[in-house]
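S.K.: Data file my_file.txt (compact mmCIF, C-alpha atoms and all ligand atoms) is appended below.
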# COMPACT_ATOMS: atom_id res chain seq x y z
CA MET A 150 25.51 18.15 7.34
CA ASN A 151 26.39 15.81 10.16
CA ALA A 152 25.24 12.23 10.11
CA HIS A 153 21.81 12.03 11.67
CA ALA A 154 21.62 11.15 15.34
CA THR A 155 19.82 7.90 14.53
CA SER A 156 22.83 6.60 12.60
CA THR A 157 24.18 4.72 15.60
CA SER A 158 20.81 3.67 17.08
CA MET A 159 19.20 0.32 16.53
CA PRO A 160 16.00 0.31 14.48
CA ARG A 161 12.72 -0.57 16.16
CA PRO A 162 11.19 -3.98 15.34
CA GLY A 163 9.69 -3.94 11.84
CA HIS A 164 12.17 -1.27 10.72
CA ARG A 165 15.72 -1.14 9.31
CA MET A 166 18.31 1.59 8.96
CA VAL A 167 18.70 2.85 5.39
CA PRO A 168 20.67 5.69 3.80
CA ALA A 169 18.76 8.83 2.85
CA LEU A 170 20.04 11.76 0.80
CA ILE A 171 19.10 15.02 2.52
CA GLY A 172 19.57 18.65 1.49
CA TRP A 173 19.44 20.87 -1.57
CA PRO A 174 21.35 19.72 -4.68
CA GLY A 175 25.02 20.66 -4.25
CA ARG A 176 24.66 20.66 -0.46
CA GLN A 177 23.42 17.12 0.14
CA ALA A 178 24.59 14.59 2.69
CA THR A 179 23.69 11.01 3.40
CA ALA A 180 22.04 10.18 6.71
CA LEU A 181 20.99 6.84 8.10
CA ILE A 182 17.27 6.84 8.86
CA GLU A 183 14.85 4.32 10.29
CA CYS A 184 12.63 2.95 7.52
CA PRO A 185 9.67 0.58 8.04
CA ASP A 186 9.87 -2.86 6.39
CA PHE A 187 6.86 -2.09 4.13
CA CYS A 188 8.60 0.93 2.58
CA HIS A 189 9.74 0.50 -1.02
CA ILE A 190 11.14 4.05 -1.46
CA ASP A 191 14.81 4.45 -2.33
CA HIS A 192 15.53 7.38 0.00
CA VAL A 193 18.77 8.19 -1.84
CA LYS A 194 17.20 8.36 -5.31
CA ASP A 195 14.06 10.06 -3.90
CA TRP A 196 16.09 12.60 -1.89
CA ALA A 197 14.44 15.12 0.43
CA HIS A 198 15.20 18.76 1.22
CA ALA A 199 15.03 18.06 4.95
CA ILE A 200 14.92 14.97 7.11
CA GLU A 201 11.40 16.05 8.21
CA ASP A 202 10.26 15.67 4.59
CA VAL A 203 11.01 11.95 4.45
CA ASP A 204 7.80 9.89 4.24
CA HIS A 205 7.62 6.12 3.88
CA TYR A 206 5.36 4.40 1.34
CA SER A 207 4.67 0.82 0.33
CA ASP A 208 4.19 -0.04 -3.34
CA PHE A 209 0.88 0.88 -5.03
CA GLU A 210 -1.98 -1.53 -5.55
CA GLY A 211 -4.63 -0.16 -7.84
CA TRP A 212 -7.75 -0.65 -9.91
CA SER A 213 -9.03 1.38 -12.81
CA THR A 214 -11.49 1.06 -15.63
CA ASP A 215 -12.30 2.67 -18.95
CA SER A 216 -15.85 3.23 -20.16
CA ILE A 217 -18.12 2.51 -23.13
CA LEU A 218 -17.97 6.25 -23.88
CA GLN A 219 -14.21 6.61 -23.25
CA PRO A 220 -12.63 3.33 -24.35
CA GLY A 221 -8.97 3.04 -23.35
CA ASP A 222 -9.16 6.00 -20.94
CA GLU A 223 -8.69 5.62 -17.20
CA VAL A 224 -12.06 7.07 -16.22
CA ILE A 225 -12.15 5.88 -12.60
CA SER A 226 -9.20 4.69 -10.55
CA LEU A 227 -8.45 3.79 -6.96
CA THR A 228 -5.04 3.08 -5.47
CA THR A 229 -3.96 2.04 -2.01
CA ARG A 230 -0.68 1.81 -0.14
CA VAL A 231 0.78 1.95 3.36
CA HIS A 232 2.23 5.26 4.59
CA THR A 233 3.92 6.83 7.58
CA ASP A 234 4.91 10.45 8.15
CA PRO A 235 7.35 10.10 11.08
CA VAL A 236 7.32 13.79 12.06
CA SER A 237 3.62 14.57 11.61
CA GLU A 238 1.94 16.49 14.43
CA ASN A 239 -0.92 13.98 14.17
CA PRO A 240 -0.03 10.76 16.04
CA ALA A 241 -2.25 8.68 13.71
CA MET A 242 -0.21 9.97 10.74
CA ARG A 243 3.05 9.01 12.49
CA GLN A 244 1.71 5.46 12.85
CA ALA A 245 1.54 3.19 9.81
CA HIS A 246 -1.80 3.78 8.09
CA VAL A 247 -3.58 3.17 4.78
CA ILE A 248 -3.85 5.65 1.92
CA ILE A 249 -6.68 5.43 -0.60
CA ASP A 250 -6.29 7.72 -3.58
CA ASP A 251 -8.86 8.37 -6.32
CA GLY A 252 -6.25 9.09 -8.97
CA ASN A 253 -8.09 11.30 -11.44
CA ARG A 254 -9.83 13.57 -8.93
CA GLY A 255 -6.71 13.90 -6.82
CA SER A 256 -8.27 13.18 -3.44
CA THR A 257 -6.05 11.38 -0.94
CA CYS A 258 -7.68 9.72 2.05
CA TYR A 259 -5.72 8.59 5.12
CA LEU A 260 -7.22 5.69 7.05
CA THR A 261 -6.25 4.08 10.34
CA PRO A 262 -5.89 0.28 10.00
CA GLU A 263 -9.41 -0.04 11.48
CA MET A 264 -10.84 2.46 8.97
CA GLY A 265 -8.97 0.62 6.19
CA GLU A 266 -10.54 -2.70 7.21
CA ARG A 267 -14.01 -1.13 7.24
CA ALA A 268 -13.43 0.43 3.79
CA ALA A 269 -12.21 -2.95 2.50
CA ASP A 270 -15.35 -4.71 3.76
CA GLU A 271 -17.55 -2.04 2.16
CA LEU A 272 -15.67 -2.28 -1.15
CA ILE A 273 -16.02 -6.08 -1.13
CA ALA A 274 -19.80 -5.53 -0.72
CA LEU A 275 -19.71 -2.96 -3.55
CA ALA A 276 -17.85 -5.48 -5.75
CA ALA A 277 -20.74 -7.92 -5.20
CA ASP A 278 -23.18 -5.13 -6.15
CA ILE A 279 -21.22 -4.47 -9.38
CA ARG A 280 -21.35 -8.20 -10.21
CA ASN A 281 -25.12 -8.25 -9.56
CA ALA A 282 -25.57 -5.17 -11.78
CA ALA A 283 -23.54 -6.84 -14.55
CA ARG A 284 -25.64 -10.00 -14.25
CA ALA A 285 -28.89 -7.99 -14.42
CA ALA A 286 -27.63 -6.07 -17.47
CA ARG A 287 -26.54 -9.30 -19.20
CA GLN A 288 -29.92 -10.95 -18.51
CA CYS A 289 -31.79 -7.89 -19.79
CA ASN A 290 -29.73 -7.91 -22.99
CA ALA A 291 -30.16 -11.67 -23.49
CA VAL A 292 -33.96 -11.55 -22.99
CA ALA A 293 -34.30 -8.48 -25.23
CA GLY A 294 -32.09 -10.20 -27.83
CA ARG A 295 -34.34 -13.30 -27.83
CA GLY A 296 -37.39 -11.04 -28.14
CA ARG A 297 -35.80 -9.25 -31.12
CA ARG A 298 -34.95 -12.56 -32.83
CA ASN A 299 -38.51 -13.88 -32.25
CA ARG A 300 -40.04 -10.66 -33.54
CA ARG A 301 -37.78 -10.76 -36.63
CA THR A 302 -38.78 -14.38 -37.30
CA GLN A 303 -42.48 -13.48 -37.02
CA GLN A 304 -42.00 -10.48 -39.33
CA ASP A 305 -40.12 -12.65 -41.84
CA GLU A 306 -42.91 -15.24 -41.81
CA ALA A 307 -45.57 -12.54 -42.22
CA LEU A 308 -43.59 -11.09 -45.12
CA ARG A 309 -43.23 -14.53 -46.74
CA ARG A 310 -46.98 -15.10 -46.38
CA VAL A 311 -47.74 -11.72 -47.96
CA ARG A 312 -45.27 -12.31 -50.79
CA GLY A 313 -46.53 -15.92 -51.17
CA GLY A 314 -50.06 -14.62 -51.43
CA ALA A 315 -49.08 -11.92 -53.92
CA VAL A 316 -47.43 -14.37 -56.29
ZN ZN A 401 11.28 4.36 3.84
I need this file expressed as structure tokens, please.
M.R.:
Amino acid sequence: MNAHATSTSMPRPGHRMVPALIGWPGRQATALIECPDFCHIDHVKDWAHAIEDVDHYSDFEGWSTDSILQPGDEVISLTTRVHTDPVSENPAMRQAHVIIDDGNRGSTCYLTPEMGERAADELIALAADIRNAARAARQCNAVAGRGRRNRRTQQDEALRRVRGGAV
């Protein structure tokens, strides 16, 4: 395979030229490709069958939680990262955009930067809702706990009175 045509061209702003290993094992060649600054992929180690298969990804950021019923298990997870697919037919996919992935269910969602900002604002609001729900649950448990303690004290006193009277 000949060196890719971009090997002598200057990268666009926000990009750098990096080596990429292209081709089937045994018939691979290194090409210089334009890679955005956010990309953390080693395009030699993560080789591709064809130059069209090379995608660029930033590192993952993620959140997950286990559950009362499944302690230690990743029951719900969300990850996000930046992505470009330079040869996509969809211009919005060729541009840098945001991926949100719900790990366990395997859905991948591609968001323009504007859609990503809207999702972020909505998730910040949801985070406040989760905090409010936790506060309400904690208050319910605390009040119910006080009620239980009071009831137990009253039962103990009633029992003492009965026993006292029986003696
Ligand atoms: Zn890259």
S.K.: Tell me which protein, DNA and RNA residues are within 12 Å of Lys194 in chain A, counting all atoms listed in the file, leaving out same-chain ones fewer than 6 positions away, and put them as a ChimeraX atom specification.
M.R.: /A:168-171,179
S.K.: Keeping only C-alpha atoms, write the selected residues as a PDB file, keeping the file's coordinate frame.
M.R.:
ATOM      1  CA  PRO A 168      20.670   5.690   3.800  1.00  0.00           C
ATOM      2  CA  ALA A 169      18.760   8.830   2.850  1.00  0.00           C
ATOM      3  CA  LEU A 170      20.040  11.760   0.800  1.00  0.00           C
ATOM      4  CA  ILE A 171      19.100  15.020   2.520  1.00  0.00           C
ATOM      5  CA  THR A 179      23.690  11.010   3.400  1.00  0.00           C
TER       6      THR A 179
END
S.K.: Find the residue from A:Trp196, A:Trp212, A:Trp173, A:Tyr259 that sits nearest to ligand ZN 401 (chain A); use only C-alpha atoms and all ligand atoms when measuring.
M.R.: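 Using only C-alpha atoms and all ligand atoms, the shortest distance to ligand ZN 401 (chain A) belongs to A:Trp196.
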S.K.: Let me see if you get this right: every residue at most 12 Å from ligand ZN 401 (chain A), counting only C-alpha atoms and all ligand atoms, written as a CSV table (one decimal) with C-alpha atoms, in the coordinates of the input.
M.R.:
chain,number,residue,atom,x,y,z
A,163,GLY,CA,9.7,-3.9,11.8
A,164,HIS,CA,12.2,-1.3,10.7
A,165,ARG,CA,15.7,-1.1,9.3
A,166,MET,CA,18.3,1.6,9.0
A,167,VAL,CA,18.7,2.8,5.4
A,168,PRO,CA,20.7,5.7,3.8
A,169,ALA,CA,18.8,8.8,2.8
A,170,LEU,CA,20.0,11.8,0.8
A,181,LEU,CA,21.0,6.8,8.1
A,182,ILE,CA,17.3,6.8,8.9
A,183,GLU,CA,14.8,4.3,10.3
A,184,CYS,CA,12.6,3.0,7.5
A,185,PRO,CA,9.7,0.6,8.0
A,186,ASP,CA,9.9,-2.9,6.4
A,187,PHE,CA,6.9,-2.1,4.1
A,188,CYS,CA,8.6,0.9,2.6
A,189,HIS,CA,9.7,0.5,-1.0
A,190,ILE,CA,11.1,4.0,-1.5
A,191,ASP,CA,14.8,4.4,-2.3
A,192,HIS,CA,15.5,7.4,0.0
A,193,VAL,CA,18.8,8.2,-1.8
A,194,LYS,CA,17.2,8.4,-5.3
A,195,ASP,CA,14.1,10.1,-3.9
A,196,TRP,CA,16.1,12.6,-1.9
A,197,ALA,CA,14.4,15.1,0.4
A,200,ILE,CA,14.9,15.0,7.1
A,202,ASP,CA,10.3,15.7,4.6
A,203,VAL,CA,11.0,12.0,4.4
A,204,ASP,CA,7.8,9.9,4.2
A,205,HIS,CA,7.6,6.1,3.9
A,206,TYR,CA,5.4,4.4,1.3
A,207,SER,CA,4.7,0.8,0.3
A,208,ASP,CA,4.2,0.0,-3.3
A,231,VAL,CA,0.8,2.0,3.4
A,232,HIS,CA,2.2,5.3,4.6
A,233,THR,CA,3.9,6.8,7.6
A,234,ASP,CA,4.9,10.4,8.2
A,235,PRO,CA,7.4,10.1,11.1
A,245,ALA,CA,1.5,3.2,9.8
S.K.: Rounded to one decimal in Å, what is the spacing between CA of His246 in chain A and CA of Glu201 in chain A?
M.R.: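 Taking CA of His246 in chain A as the start and CA of Glu201 in chain A as the end point, the length is 18.0 Å.
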S.K.: Rounded to one decimal in Å, what is the spacing between CA of Thr302 in chain A and CA of Cys289 in chain A?
M.R.: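 One can read the CA of Thr302 in chain A to CA of Cys289 in chain A distance as 19.9 Å.
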S.K.: For Ser256 in chain A, list every protein, DNA or RNA residue within 12 Å, evaluated using all atoms listed in the file, and leave out those in the same chain fewer than 5 positions away; present the list as an NGL selection string.
M.R.: :A and (226-228 or 248-251)
S.K.: Please reconstruct the missing atoms of range 276-306 of chain A (target: N, CA and C atoms) and return them as a PDB file, keeping the file's coordinate frame.
M.R.:
ATOM      1  N   ALA A 276     -18.255  -4.596  -4.641  1.00  0.00           N
ATOM      2  CA  ALA A 276     -17.850  -5.480  -5.750  1.00  0.00           C
ATOM      3  C   ALA A 276     -18.957  -6.481  -6.043  1.00  0.00           C
ATOM      4  N   ALA A 277     -19.616  -6.998  -4.991  1.00  0.00           N
ATOM      5  CA  ALA A 277     -20.740  -7.920  -5.200  1.00  0.00           C
ATOM      6  C   ALA A 277     -21.891  -7.192  -5.882  1.00  0.00           C
ATOM      7  N   ASP A 278     -22.115  -5.928  -5.507  1.00  0.00           N
ATOM      8  CA  ASP A 278     -23.180  -5.130  -6.150  1.00  0.00           C
ATOM      9  C   ASP A 278     -22.875  -4.919  -7.635  1.00  0.00           C
ATOM     10  N   ILE A 279     -21.595  -4.667  -7.974  1.00  0.00           N
ATOM     11  CA  ILE A 279     -21.220  -4.470  -9.380  1.00  0.00           C
ATOM     12  C   ILE A 279     -21.469  -5.763 -10.155  1.00  0.00           C
ATOM     13  N   ARG A 280     -21.121  -6.910  -9.542  1.00  0.00           N
ATOM     14  CA  ARG A 280     -21.350  -8.200 -10.210  1.00  0.00           C
ATOM     15  C   ARG A 280     -22.842  -8.429 -10.437  1.00  0.00           C
ATOM     16  N   ASN A 281     -23.655  -8.099  -9.424  1.00  0.00           N
ATOM     17  CA  ASN A 281     -25.120  -8.250  -9.560  1.00  0.00           C
ATOM     18  C   ASN A 281     -25.647  -7.345 -10.664  1.00  0.00           C
ATOM     19  N   ALA A 282     -25.133  -6.110 -10.741  1.00  0.00           N
ATOM     20  CA  ALA A 282     -25.570  -5.170 -11.780  1.00  0.00           C
ATOM     21  C   ALA A 282     -25.193  -5.713 -13.157  1.00  0.00           C
ATOM     22  N   ALA A 283     -23.990  -6.278 -13.269  1.00  0.00           N
ATOM     23  CA  ALA A 283     -23.540  -6.840 -14.550  1.00  0.00           C
ATOM     24  C   ALA A 283     -24.429  -8.013 -14.951  1.00  0.00           C
ATOM     25  N   ARG A 284     -24.788  -8.841 -13.968  1.00  0.00           N
ATOM     26  CA  ARG A 284     -25.640 -10.000 -14.250  1.00  0.00           C
ATOM     27  C   ARG A 284     -27.016  -9.532 -14.718  1.00  0.00           C
ATOM     28  N   ALA A 285     -27.570  -8.513 -14.041  1.00  0.00           N
ATOM     29  CA  ALA A 285     -28.890  -7.990 -14.420  1.00  0.00           C
ATOM     30  C   ALA A 285     -28.841  -7.397 -15.826  1.00  0.00           C
ATOM     31  N   ALA A 286     -27.767  -6.677 -16.143  1.00  0.00           N
ATOM     32  CA  ALA A 286     -27.630  -6.070 -17.470  1.00  0.00           C
ATOM     33  C   ALA A 286     -27.518  -7.163 -18.537  1.00  0.00           C
ATOM     34  N   ARG A 287     -26.714  -8.209 -18.238  1.00  0.00           N
ATOM     35  CA  ARG A 287     -26.540  -9.300 -19.200  1.00  0.00           C
ATOM     36  C   ARG A 287     -27.865 -10.014 -19.456  1.00  0.00           C
ATOM     37  N   GLN A 288     -28.628 -10.277 -18.363  1.00  0.00           N
ATOM     38  CA  GLN A 288     -29.920 -10.950 -18.510  1.00  0.00           C
ATOM     39  C   GLN A 288     -30.885 -10.109 -19.324  1.00  0.00           C
ATOM     40  N   CYS A 289     -30.912  -8.795 -19.048  1.00  0.00           N
ATOM     41  CA  CYS A 289     -31.790  -7.890 -19.790  1.00  0.00           C
ATOM     42  C   CYS A 289     -31.456  -7.939 -21.271  1.00  0.00           C
ATOM     43  N   ASN A 290     -30.159  -7.885 -21.592  1.00  0.00           N
ATOM     44  CA  ASN A 290     -29.730  -7.910 -22.990  1.00  0.00           C
ATOM     45  C   ASN A 290     -30.079  -9.235 -23.654  1.00  0.00           C
ATOM     46  N   ALA A 291     -29.893 -10.346 -22.909  1.00  0.00           N
ATOM     47  CA  ALA A 291     -30.160 -11.670 -23.490  1.00  0.00           C
ATOM     48  C   ALA A 291     -31.652 -11.819 -23.776  1.00  0.00           C
ATOM     49  N   VAL A 292     -32.509 -11.425 -22.811  1.00  0.00           N
ATOM     50  CA  VAL A 292     -33.960 -11.550 -22.990  1.00  0.00           C
ATOM     51  C   VAL A 292     -34.423 -10.646 -24.139  1.00  0.00           C
ATOM     52  N   ALA A 293     -33.928  -9.419 -24.165  1.00  0.00           N
ATOM     53  CA  ALA A 293     -34.300  -8.480 -25.230  1.00  0.00           C
ATOM     54  C   ALA A 293     -33.825  -9.011 -26.578  1.00  0.00           C
ATOM     55  N   GLY A 294     -32.635  -9.640 -26.588  1.00  0.00           N
ATOM     56  CA  GLY A 294     -32.090 -10.200 -27.830  1.00  0.00           C
ATOM     57  C   GLY A 294     -32.980 -11.322 -28.353  1.00  0.00           C
ATOM     58  N   ARG A 295     -33.442 -12.211 -27.434  1.00  0.00           N
ATOM     59  CA  ARG A 295     -34.340 -13.300 -27.830  1.00  0.00           C
ATOM     60  C   ARG A 295     -35.634 -12.717 -28.379  1.00  0.00           C
ATOM     61  N   GLY A 296     -36.153 -11.689 -27.700  1.00  0.00           N
ATOM     62  CA  GLY A 296     -37.390 -11.040 -28.140  1.00  0.00           C
ATOM     63  C   GLY A 296     -37.237 -10.475 -29.543  1.00  0.00           C
ATOM     64  N   ARG A 297     -36.059  -9.841 -29.795  1.00  0.00           N
ATOM     65  CA  ARG A 297     -35.800  -9.250 -31.120  1.00  0.00           C
ATOM     66  C   ARG A 297     -35.772 -10.335 -32.189  1.00  0.00           C
ATOM     67  N   ARG A 298     -35.066 -11.463 -31.853  1.00  0.00           N
ATOM     68  CA  ARG A 298     -34.950 -12.560 -32.830  1.00  0.00           C
ATOM     69  C   ARG A 298     -36.341 -13.125 -33.126  1.00  0.00           C
ATOM     70  N   ASN A 299     -37.164 -13.329 -32.056  1.00  0.00           N
ATOM     71  CA  ASN A 299     -38.510 -13.880 -32.250  1.00  0.00           C
ATOM     72  C   ASN A 299     -39.354 -12.942 -33.114  1.00  0.00           C
ATOM     73  N   ARG A 300     -39.238 -11.631 -32.791  1.00  0.00           N
ATOM     74  CA  ARG A 300     -40.040 -10.660 -33.540  1.00  0.00           C
ATOM     75  C   ARG A 300     -39.634 -10.662 -35.021  1.00  0.00           C
ATOM     76  N   ARG A 301     -38.279 -10.765 -35.251  1.00  0.00           N
ATOM     77  CA  ARG A 301     -37.780 -10.760 -36.630  1.00  0.00           C
ATOM     78  C   ARG A 301     -38.302 -11.989 -37.381  1.00  0.00           C
ATOM     79  N   THR A 302     -38.285 -13.159 -36.668  1.00  0.00           N
ATOM     80  CA  THR A 302     -38.780 -14.380 -37.300  1.00  0.00           C
ATOM     81  C   THR A 302     -40.254 -14.233 -37.670  1.00  0.00           C
ATOM     82  N   GLN A 303     -41.040 -13.672 -36.738  1.00  0.00           N
ATOM     83  CA  GLN A 303     -42.480 -13.480 -37.020  1.00  0.00           C
ATOM     84  C   GLN A 303     -42.693 -12.525 -38.193  1.00  0.00           C
ATOM     85  N   GLN A 304     -41.869 -11.438 -38.230  1.00  0.00           N
ATOM     86  CA  GLN A 304     -42.000 -10.480 -39.330  1.00  0.00           C
ATOM     87  C   GLN A 304     -41.633 -11.133 -40.654  1.00  0.00           C
ATOM     88  N   ASP A 305     -40.543 -11.958 -40.619  1.00  0.00           N
ATOM     89  CA  ASP A 305     -40.120 -12.650 -41.840  1.00  0.00           C
ATOM     90  C   ASP A 305     -41.223 -13.571 -42.357  1.00  0.00           C
ATOM     91  N   GLU A 306     -41.847 -14.305 -41.406  1.00  0.00           N
ATOM     92  CA  GLU A 306     -42.910 -15.240 -41.810  1.00  0.00           C
ATOM     93  C   GLU A 306     -44.106 -14.482 -42.390  1.00  0.00           C
TER      94      GLU A 306
END
